[in-house]
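Scroll down for the structure; my scribbles are underneath it.
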Amino acid sequence: MKNTVFTGAATAIVTPMTNTGIDYKNYEKLIEWQIENGIDAIVAAGTTGEGPTLSDAEHRELLDFTVQKVAGRVPVIAGTGSNDIAYAVDLTKFACDIGADAMLVVTPYYNKATQGGLIKSFNTVADASTKPIILYNVPSRTGCNITPETCAVLAEHENIVAIKEASGNISQIAKVAQLCREKLDIYSGNDDQIVPVMSLGGKGVISVLSNLLPRETSEMCKAFIRGDVQKSLDMQLEYLELIDTLFCEVNPIPVKAAMAAMGFGENIIRLPLTPMEEKNEKKLIELMLAAGIKLA
């Protein structure tokens, strides 16, 4: 049986920015606040962290900074995926060398791949890694789906230990669980499906919501694990409207607005994404206040 990278909630952490680069002062502040509030792991330079628009130098610097500041208190999962597999391999090697605990590797986007191409690509990255690999399946963004049968093949690689499943297809996730069993941990990649995925044996969530509510998102998972399914379900439903609003525009547009409102830097997001529309931001702030979130 493979080792589990984390159980509970990992925050797909935002990257606070200025007009000239990364705002490390507020990024460090956010990391500390996340850990103080009981988050179970941190994912750096993922989709929510605007990894696709970081320069190579920024990407490496951000990963190194995260590892240094977290300092082993929770696992750091480095976003190292790319549609350029040679680059993904190089970035994965770098993240291993600086001490990241695991890698999050997205399906190749735009150029896409056949299932055979996915198997070869993920295995190539996994071969180059000295740390565990978490596959990231998000076909709505990549145009490419990892099928359950492909997951079963990939799960045979000793370094491929989990999948972040953001397809939204519960039937597909059930099939992954059936085919892979203990060879592949499953994390929900959608905050509105934490409880459904955990009911299929999932270990938790890689979350956007936990940027705002780290303790509560972790507790939603932990309640399920300790057998208090009703509490977990109640929390899932309690935060459902807030979750929906966090995705009413393309992620991470809303969560960037939310974190700015909470005092974690300015609401600056890189093109092609643009700041949240005023009417949507107003609703988001109202729901944050209703959830007891303190604003700056």
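Residues are referred to by chain and number: the chain letter is A, B, ... according to the order shown in the structure tokens, the number counts from 1 in that chain, and ligands are numbered separately from 1 in the order shown.
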
Give me every alpha helix (DSSP H) residue in range 36-282 of chain A, going by DSSP on the backbone, as a compact mmCIF listing (two decimals) with C-alpha atoms, in the first residue's frame.
```
# COMPACT_ATOMS: atom_id res chain seq x y z
CA GLU A 36 -2.41 28.39 12.41
CA ASP A 56 9.95 30.12 -14.84
CA ALA A 57 12.01 32.15 -12.36
CA GLU A 58 8.90 33.16 -10.39
CA HIS A 59 7.61 29.58 -10.36
CA ARG A 60 10.83 28.20 -8.91
CA GLU A 61 11.23 31.06 -6.45
CA LEU A 62 7.64 30.66 -5.24
CA LEU A 63 8.04 26.92 -4.69
CA ASP A 64 11.32 27.40 -2.83
CA PHE A 65 9.84 30.18 -0.68
CA THR A 66 6.84 28.00 0.19
CA VAL A 67 8.97 25.04 1.24
CA GLN A 68 11.22 27.27 3.36
CA LYS A 69 8.38 29.08 5.12
CA VAL A 70 6.22 26.01 5.75
CA ILE A 85 6.45 17.36 -20.53
CA ALA A 86 10.17 18.14 -20.70
CA TYR A 87 9.49 21.30 -18.72
CA ALA A 88 7.29 19.39 -16.25
CA VAL A 89 10.15 16.93 -15.72
CA ASP A 90 12.65 19.73 -15.13
CA LEU A 91 10.36 21.56 -12.71
CA THR A 92 9.55 18.32 -10.88
CA LYS A 93 13.25 17.58 -10.40
CA PHE A 94 13.73 21.10 -9.04
CA ALA A 95 10.81 20.75 -6.61
CA CYS A 96 12.16 17.42 -5.39
CA ASP A 97 15.58 18.95 -4.80
CA ILE A 98 14.27 21.87 -2.73
CA GLN A 115 -4.86 8.05 -23.29
CA GLY A 116 -1.66 6.36 -24.40
CA GLY A 117 0.02 9.75 -24.53
CA LEU A 118 -1.20 10.52 -21.01
CA ILE A 119 0.22 7.25 -19.71
CA LYS A 120 3.59 7.90 -21.29
CA SER A 121 3.63 11.56 -20.17
CA PHE A 122 2.70 10.95 -16.53
CA ASN A 123 5.05 7.98 -16.28
CA THR A 124 7.86 10.11 -17.70
CA VAL A 125 7.32 12.74 -14.99
CA ALA A 126 6.96 10.06 -12.30
CA ASP A 127 10.17 8.36 -13.42
CA ALA A 128 12.03 11.64 -12.92
CA PRO A 139 -11.00 18.35 -18.26
CA SER A 140 -13.09 21.54 -18.20
CA ARG A 141 -9.81 23.48 -18.25
CA THR A 142 -7.50 21.16 -20.16
CA PRO A 148 -10.61 5.36 -15.00
CA GLU A 149 -8.85 2.70 -17.07
CA THR A 150 -5.88 5.02 -17.60
CA CYS A 151 -5.83 5.76 -13.86
CA ALA A 152 -5.59 2.03 -13.22
CA VAL A 153 -2.55 1.76 -15.48
CA LEU A 154 -0.88 4.82 -13.95
CA ILE A 170 -19.17 11.16 -9.75
CA SER A 171 -19.77 8.02 -11.81
CA GLN A 172 -16.27 8.31 -13.25
CA ILE A 173 -14.78 8.86 -9.79
CA ALA A 174 -16.60 5.76 -8.54
CA LYS A 175 -15.05 3.77 -11.37
CA VAL A 176 -11.58 5.09 -10.48
CA ALA A 177 -12.16 3.98 -6.90
CA GLN A 178 -13.29 0.54 -8.06
CA LEU A 179 -10.39 -0.04 -10.44
CA CYS A 180 -7.58 1.43 -8.36
CA ILE A 194 -16.17 16.89 -0.88
CA VAL A 195 -18.70 14.64 0.86
CA PRO A 196 -19.72 12.71 -2.29
CA VAL A 197 -16.07 11.95 -3.12
CA MET A 198 -15.26 10.95 0.45
CA SER A 199 -18.26 8.61 0.40
CA PRO A 214 -9.12 26.48 6.32
CA ARG A 215 -10.29 25.17 9.69
CA GLU A 216 -13.84 24.58 8.54
CA THR A 217 -12.86 22.85 5.30
CA SER A 218 -10.48 20.57 7.16
CA GLU A 219 -13.15 19.83 9.76
CA MET A 220 -15.64 18.91 7.02
CA CYS A 221 -13.23 16.19 5.95
CA LYS A 222 -12.19 15.12 9.45
CA ALA A 223 -15.81 14.80 10.59
CA PHE A 224 -16.48 12.39 7.75
CA ILE A 225 -13.36 10.38 8.54
CA VAL A 229 -21.14 11.97 8.32
CA GLN A 230 -24.11 14.13 9.26
CA LYS A 231 -21.87 16.96 10.48
CA SER A 232 -19.77 16.71 7.35
CA LEU A 233 -22.87 16.83 5.17
CA ASP A 234 -24.31 19.75 7.13
CA MET A 235 -21.09 21.71 6.55
CA GLN A 236 -21.05 20.83 2.86
CA LEU A 237 -24.57 22.19 2.46
CA GLU A 238 -23.98 25.20 4.72
CA LEU A 240 -22.65 25.45 -0.83
CA GLU A 241 -23.79 28.92 -1.89
CA LEU A 242 -20.43 30.41 -0.93
CA ILE A 243 -18.69 27.66 -2.91
CA ASP A 244 -20.90 28.31 -5.93
CA THR A 245 -20.08 32.01 -5.78
CA LEU A 246 -16.35 31.26 -5.57
CA ILE A 253 -10.88 35.42 -10.01
CA PRO A 254 -13.38 35.22 -7.10
CA VAL A 255 -10.98 33.79 -4.52
CA LYS A 256 -8.43 36.48 -5.37
CA ALA A 257 -11.11 39.10 -4.61
CA ALA A 258 -12.00 37.28 -1.39
CA MET A 259 -8.44 37.12 -0.12
CA ALA A 260 -7.88 40.80 -0.89
CA ALA A 261 -11.01 41.62 1.11
CA GLU A 278 -18.70 44.31 -9.15
CA LYS A 279 -22.12 42.68 -8.78
CA ASN A 280 -20.57 39.27 -8.24
CA GLU A 281 -18.02 40.61 -5.79
CA LYS A 282 -20.79 42.26 -3.76
```

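CA of Val161 in chain A is positioned 6.4 Å from CA of Lys2 in chain A.
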
Rank nothing, just name the residue among A:Asn190, A:Thr4, A:Asn37, A:Asn145 nearest to Leu212 in chain A, using only C-alpha atoms.
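Smallest separation from Leu212 in chain A among the options: A:Asn37.
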
When you count only C-alpha atoms, which of these residues is closest to Val106 in chain A: A:Gly21, A:Pro272, A:Gly81, A:Gly72?
A:Gly81

Mind giving me the straight-line distance from CA of Ala291 in chain A to CA of Glu249 in chain A in Å, one decimal?
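CA of Ala291 in chain A sits 20.0 Å away from CA of Glu249 in chain A.
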
Would you work out the distance separating CA of Asn26 in chain A from CA of Gly265 in chain A, expressed in Å to one decimal?
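Computing the Euclidean distance for CA of Asn26 in chain A and CA of Gly265 in chain A yields 5.6 Å.
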
Using the chain letters and numbers from this document, which residues of range 8-217 of chain A does DSSP assign to strand (DSSP E), as a PDB file with C-alpha atoms, in the first residue's frame?
```pdb
ATOM      1  CA  GLY A   8      -8.206  16.207   5.079  1.00  0.00           C
ATOM      2  CA  ALA A   9      -7.983  19.546   3.273  1.00  0.00           C
ATOM      3  CA  ALA A  10      -5.096  20.977   1.278  1.00  0.00           C
ATOM      4  CA  THR A  11      -5.369  24.604   0.256  1.00  0.00           C
ATOM      5  CA  ALA A  12      -4.733  25.367  -3.388  1.00  0.00           C
ATOM      6  CA  ALA A  41      -1.364  20.646   3.372  1.00  0.00           C
ATOM      7  CA  ILE A  42      -0.564  23.490   0.991  1.00  0.00           C
ATOM      8  CA  VAL A  43      -0.538  23.309  -2.797  1.00  0.00           C
ATOM      9  CA  ALA A  44       1.656  26.021  -4.323  1.00  0.00           C
ATOM     10  CA  VAL A  76       3.929  21.154   0.555  1.00  0.00           C
ATOM     11  CA  ILE A  77       2.611  19.961  -2.795  1.00  0.00           C
ATOM     12  CA  ALA A  78       4.262  21.682  -5.749  1.00  0.00           C
ATOM     13  CA  GLY A  79       2.354  22.397  -8.936  1.00  0.00           C
ATOM     14  CA  ALA A 102       4.747  15.830  -3.432  1.00  0.00           C
ATOM     15  CA  MET A 103       3.926  17.084  -6.930  1.00  0.00           C
ATOM     16  CA  LEU A 104       0.575  18.005  -8.457  1.00  0.00           C
ATOM     17  CA  VAL A 105       0.783  17.270 -12.181  1.00  0.00           C
ATOM     18  CA  VAL A 106      -2.052  18.400 -14.418  1.00  0.00           C
ATOM     19  CA  ILE A 133       2.944  12.369  -7.774  1.00  0.00           C
ATOM     20  CA  ILE A 134      -0.695  13.459  -7.549  1.00  0.00           C
ATOM     21  CA  LEU A 135      -2.430  13.400 -10.929  1.00  0.00           C
ATOM     22  CA  TYR A 136      -4.735  16.337 -11.626  1.00  0.00           C
ATOM     23  CA  ASN A 137      -7.750  15.672 -13.790  1.00  0.00           C
ATOM     24  CA  ILE A 160       1.926   7.882  -8.686  1.00  0.00           C
ATOM     25  CA  VAL A 161      -0.030   7.780  -5.456  1.00  0.00           C
ATOM     26  CA  ALA A 162      -3.174   9.907  -5.866  1.00  0.00           C
ATOM     27  CA  ILE A 163      -5.458  11.880  -8.131  1.00  0.00           C
ATOM     28  CA  LYS A 164      -7.132  15.242  -7.698  1.00  0.00           C
ATOM     29  CA  GLU A 165     -10.430  14.573  -9.446  1.00  0.00           C
ATOM     30  CA  ASP A 185      -5.832   7.896  -3.235  1.00  0.00           C
ATOM     31  CA  ILE A 186      -8.601  10.184  -4.439  1.00  0.00           C
ATOM     32  CA  TYR A 187      -9.018  13.847  -3.527  1.00  0.00           C
ATOM     33  CA  SER A 188     -11.985  15.933  -4.537  1.00  0.00           C
ATOM     34  CA  GLY A 204     -10.171  14.714   1.373  1.00  0.00           C
ATOM     35  CA  VAL A 205     -10.015  17.745  -0.888  1.00  0.00           C
ATOM     36  CA  ILE A 206      -7.582  20.035  -2.655  1.00  0.00           C
ATOM     37  CA  SER A 207      -9.588  23.136  -2.010  1.00  0.00           C
TER      38      SER A 207
END
```

Of the candidates A:Ile146, A:Leu213, A:Val138, A:Leu184, which shows the shortest atom-to-atom distance to Ile13 in chain A, using only C-alpha atoms?
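Selected residue with least distance to Ile13 in chain A: A:Leu213.
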
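With only C-alpha atoms as the atoms that count, the residue of A:Gly202, A:Leu287, A:Ala166, A:Pro108 with the shortest distance to Glu182 in chain A is A:Gly202.
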